[in-house]
Structures are given as structure tokens and as C-alpha cells.
Amino acid sequence: MILHEIETASREEIEQIQTERLIETVERAYRNVPFYEMRFHENGITPADIKSIGDITKLPFMRKQDLRDHYPFGLFAVGLDKLVRIHGSSGTSGKPTVVGYTRNDIKNWSEIVARAIYLGGGRPGQVLHNAYGYGLFTGGLGLHFGAELLGMVTVPVSGGNTERQITMIEDFKPTVICGTPSYVLTIAELMEEMGKNPRETSLKYGIFGAEPWSEEMRNTLEEKIGIKACDIYGLSEVMGPGVAMECSEAQDGLHVAEDHFIIEVIDPETLEPVPEGQAGELVFTSLTKEAFPVIRYRTGDIASVTKERCSCGRTTARMSRVKGRIDDMIIIRGVNVFPSEIEHYLLQVKELAPHYQVHLLKKGYLDVAELNVEVTEGFYQGIGNDMNHEKIGLLKKYLVTMMKNKCLVSMEVKIHPPKTIQRSQGKAIRIVDKRSAAIKI
Ligand code: DLL
């Protein structure tokens with residue numbers, strides 16, 4: 001096993017590096033980005049107030065809205081002549097949020113991703129099938145540059161054209177597959193439909209992320225494809241994929257690249273830090289980024305962090321799986337639930353395929369959540385393809401009760417025949433908000 005020195009450093013060593021880099025980052029941001037200068041003044045601080053990472057809590061937070069307010073290049077700390085790349089995320093409405101990278105940023109990011117792929121089981125000389133979308137989205141190019149740096153034979157397939165993906169898997173014999181868990185599941189299911197066994201490919205490792213997924217989804221993917229599946233996390237505002245990555249040895253939390261990022265967890269209401277191990281909103285500060293430094297960026301993602309040494313031997317802080325984004329939390333009559341919690345229970349029901357969508361509807365003045373699920377092909381055939389069969393009624397009752405008892409939410413349940421719920425080619429759409437389209441009475 002080859003480890004980067006940060007991965008086994010002591011907490012004191014990690015904090016020493018973080019302190020030095022934080023001081024530099026704060027100074028650079030203050031000097032070069034009017035937004036930071038203004039925010040610091042508003043909060044009555046100057047870079048001189050930041051002497052160690054313990055002082056980080058003195059710094060103001062930053063949010064996605066700040067990126068929108070300074071669209072497109074207003075938060076960059078260097079001129080366009082120093083940039084070599086732009087990325088962004090499409091968001092739900094209007095213009096994308098834009099981030100930039102200098103040559104040095106790309107070098108650092110590639111190293112971070114190379115380390116992440118190694119953590120997930122990838123090794124030089126192997127073939128890596130990259131099914132993340134190439135484009136403004138950081139998934140495709142982010143994984144691509146990391147895989148090349150690691151010395152892997154990188155296949156830039158991107159998302160979509162699923163039949164062609166299968167041909168390439170059969171012909172190029174990759175060891176590693178990268179993509180969103182929902183899309184890789186789509187690939188595996190199409191293989192089955194074509195009469196092929198996804199367990200019989202050359203694949204051994206999966207590097208899956210960019211959307212929330214559950215432990216049950218991991219089991220489904222590992223079982224169906226015969227691989228070890230690990231979770232990769234990141235966001236374009238902070239860098240892209242690789243900010244944190246699970247190790248294939250322990251599969252027990254995602255190791256944060258702490259030489260490049262400081263992770264904090266806060267209570268999204270009080271904005272105070274939460275104790276280690278407790279879930280809250282993740283906040284990141286970049287430590288090496290030149291073009292687009294971020295200071296205390298509130299991600300909206302909910303997870304917890306531990307600084308306990310991992311059984312793989314690495315000492316870097318580990319975050320738990322992301323439960324979901326605060327914006328994706330479904331609030332039904334005062335009860336909060338994340339789609340990943342629903343997924344956790346749904347995937348344990350053997351009559352159901354691992355596809356679901358929650359539709360938010362307005363009925364009169366009431367918000368109603370409708371859970372849309374799909375039965376497996378085997379179950380469907382067993383009931384003679386009859387969606388009015390009494391077993392469908394029983395399954396529906398069971399699911400309504402399960403949601404009520406386990407997730408504490410009252411949901412209406414709609415059961416569909418196999419392969420009728422929308423499949424993804426990138427990030428899965430788990431929530432469809434149809435409330436604004438409703439006719440108000
Ligand atoms: O999704 C970067 C990425 C690409 C990560 C490929 C992993 C693999 P954005 O498009 O900016 O960047 O979206 C970032 O996606 O704030 C989370 O809400 C969500 N997300 C990313 N990774 C995970 C994960 C990329 N492993 C947003 N688990 C983040 C849960 C994730 N959610």
C-alpha cells in the first residue's frame with residue numbers, strides 16, 4: 001500500500017500544516033477578493049486575527065448565494081490570464097455557479113483524485129471506465145485527470161449511451177468503474193436485460209458518488225456486479241470529486257484530504273460547531289486553492305465527522321455518508337426525512353426494484369408526499385403482470401405502514417410495473433416537486 005504522508009500523520013502534524021495553509025489562504029483571499037475584504041470588515045476581523053486553526057470560527061461563512069451574487073468571476077482571486085479551466089454546477093434554476101482553476105489547482109486536484117482512486121482500489125496499469133459526465137460538471141474531468149496521474153488507462157466514456165458502455169466494459173476489460181451509483185445500476189440492469197451477467201465482467205472496484213446513496217444501495221451494487229463499491233464525495237465549489245473518499249479496506253467513512261481542506265460540522269440553525277460524531281451541516285475551507293479559495297463554505301450537506309484512526313491505518317478525519325442536502329429534506333406535516341433514509345428501508349423490501357421517486361403534491365391546502373416505487377420483474381411475473389392483484393394491495397399497505405413506523409412520515413404509495421420509473425444517466429432525481437403546478441382550491 002502506498003500512502004501519502006498526510007494520510008498517516010499525527011493530529012498535531014495535520015493541524016500544523018492546516019494552520020500554515022489557513023493563514024496563507026485567509027491573507028490571499030483578503031488581499032485579492034473584494035468580497036472577503038468586505039465580509040471581514042463587516043465582522044470586525046483582519047487576517048492578523050487568524051493565528052491557528054482554532055481561530056477558524058472567527059471567520060464568516062460563505063454560501064451558494066454568494067457565488068450567484070458574484071456570477072460569473074467575481075469571487076476569483078486571480079485574473080483570467082492565470083486560469084486554465086472553468087467548471088460549475090447547473091443547480092435547479094437559472095445560471096450555473098462557476099468556479100475556476102489555475103494550473104497549480106488542477107495539479108493539486110489531480111493528485112487528490114489520484115489518491116482517492118487509490119483508496120478505492122485503483123492501481124497503475126489497470127483500466128478505469130469513467131461514466132461520470134464530461135463537461136461543466138466536475139465528475140468526468142475530475143476523475144479523468146486523477147486516473148491519468150495515477151497511471152491508469154483512462155476510458156472517457158462519460159454518461160449515457162448505455163449499450164455502448166456495456167460494449168466497452170466487455171472489450172476494454174476495466175478493473176474500476178466510476179459513475180453515479182444510480183447510473184451504474186442502470187448499466188448493470190441493461191446488461192441483465194440483454195441476457196448478460198454483470199458479475200462476469202472484469203470489474204472489481206466501483207467509485208461512486210455525486211449523489212446520496214445508502215448502505216443498502218452499496219449492497220445491491222456489490223452483489224449485482226460483484227465489485228467492491230466505495231463512496232467518493234466532493235462539490236464543485238470546494239474543488240470537485242475527491243474532497244473525501246472511502247477506503248476499500250474498511251469501507252467505514254470517507255477520508256478527507258486534510259492537507260487541502262479543513263472540514264467542520266455545524267448546527268445549521270445555530271451555526272455553532274457540533275460535537276465529534278454528531279450529524280450536522282458540512283463546512284469546508286480550502287487550503288491550497290489559488291483561483292477560487294473558499295472560506296467556511298456551507299455545503300448544505302448533512303453528515304458527521306470522526307477523527308479516530310481508521311482500521312486501514314490512515315489517520316485523516318473521516319466523514320460519514322452524506323444523508324442528503326438540507327434542500328432535499330422532505331418536510332411533511334412537521335416531520336423531516338431525507339430520501340436516503342427512505343432508500344435505506346425500501347431496498348430491504350425484496351418485492352421492489354432499487355428505483356424510487358418521491359413526488360410532492362398539493363391536495364387542497366395540504367402538502368402530500370407520494371412515494372413511487374417499482375416491483376421487480378420476478379414479482380411482476382409471479383402475479384401474472386396484474387397490477388390489480390391483491391398482493392399489490394398488500395404490498396402497498398405494508399409500505400405505507402413501514403414509512404409511518406420507520407421514517408415517521410405519512411406517505412401515499414404508488415406501485416408501478418417494472419422499468420417505469422425514470423432512470424438516470426447522471427445524478428438521480430429522487431424528489432419531484434409538483435406543488436407549484438397544483439390548482440389551488
Ligand atoms: O457532484 C462532484 C462529484 C463528482 C462528487 C463525482 C463525486 C463524484 P456538484 O455537481 O457540485 O459536484 O454537486 C455537489 O453533490 O454538495 C452533495 O450534495 C452531492 N454529493 C456529491 N458527492 C456525494 C456523495 C459533484 N458521495 C453536491 N454522497 C454535494 C452524497 C454527494 N452526496
# chains A, B, ... in the order shown; residues from 1 in each chain; ligands from 1

call {"tool": "residues_around", "arguments": {"residues": "Ile342 in chain A", "least_positions_apart": "3", "cutoff": "9 Å", "atoms": "only C-alpha atoms", "output": "PyMOL selection string"}}
result
chain A and resi 337-339+345-347+403+406-407

call {"tool": "write_last_selection", "arguments": {"atoms": "C-alpha atoms", "output": "PDB file, in the first residue's frame"}}
result
ATOM      1  CA  VAL A 337     -36.950  12.873   6.208  1.00  0.00           C
ATOM      2  CA  PHE A 338     -34.161  12.505   3.651  1.00  0.00           C
ATOM      3  CA  PRO A 339     -34.649  10.381   0.503  1.00  0.00           C
ATOM      4  CA  TYR A 345     -35.832   0.838   4.091  1.00  0.00           C
ATOM      5  CA  LEU A 346     -37.137   0.414   0.552  1.00  0.00           C
ATOM      6  CA  LEU A 347     -34.122  -1.539  -0.601  1.00  0.00           C
ATOM      7  CA  MET A 403     -42.861   4.596   6.135  1.00  0.00           C
ATOM      8  CA  LYS A 406     -39.612   3.705  10.337  1.00  0.00           C
ATOM      9  CA  CYS A 407     -39.431   7.186   8.800  1.00  0.00           C
TER      10      CYS A 407
END

call {"tool": "residues_near_ligand", "arguments": {"ligand": "ligand 1", "cutoff": "8 Å", "atoms": "only C-alpha atoms and all ligand atoms", "output": "PyMOL selection string"}}
result
chain A and resi 88-90+132+137-140+142-143+179-180+207-213+231-237+240-242+299-301+321-325+427

call {"tool": "select_by_dssp", "arguments": {"residues": "range 213-342 of chain A", "states": "helix (DSSP H, G or I)", "output": "NGL selection string"}}
result
:A and (215-225 or 326-328 or 339-342)

call {"tool": "residues_around", "arguments": {"residues": "Thr376 in chain A", "least_positions_apart": "5", "cutoff": "12 Å", "atoms": "only C-alpha atoms", "output": "PyMOL selection string"}}
result
chain A and resi 189+347+349-355+381-383+385+392+415-421

call {"tool": "select_by_dssp", "arguments": {"residues": "range 45-187 of chain A", "states": "strand (DSSP E)", "output": "PyMOL selection string"}}
result
chain A and resi 83-89+97-102+127-130+153-155+176-179
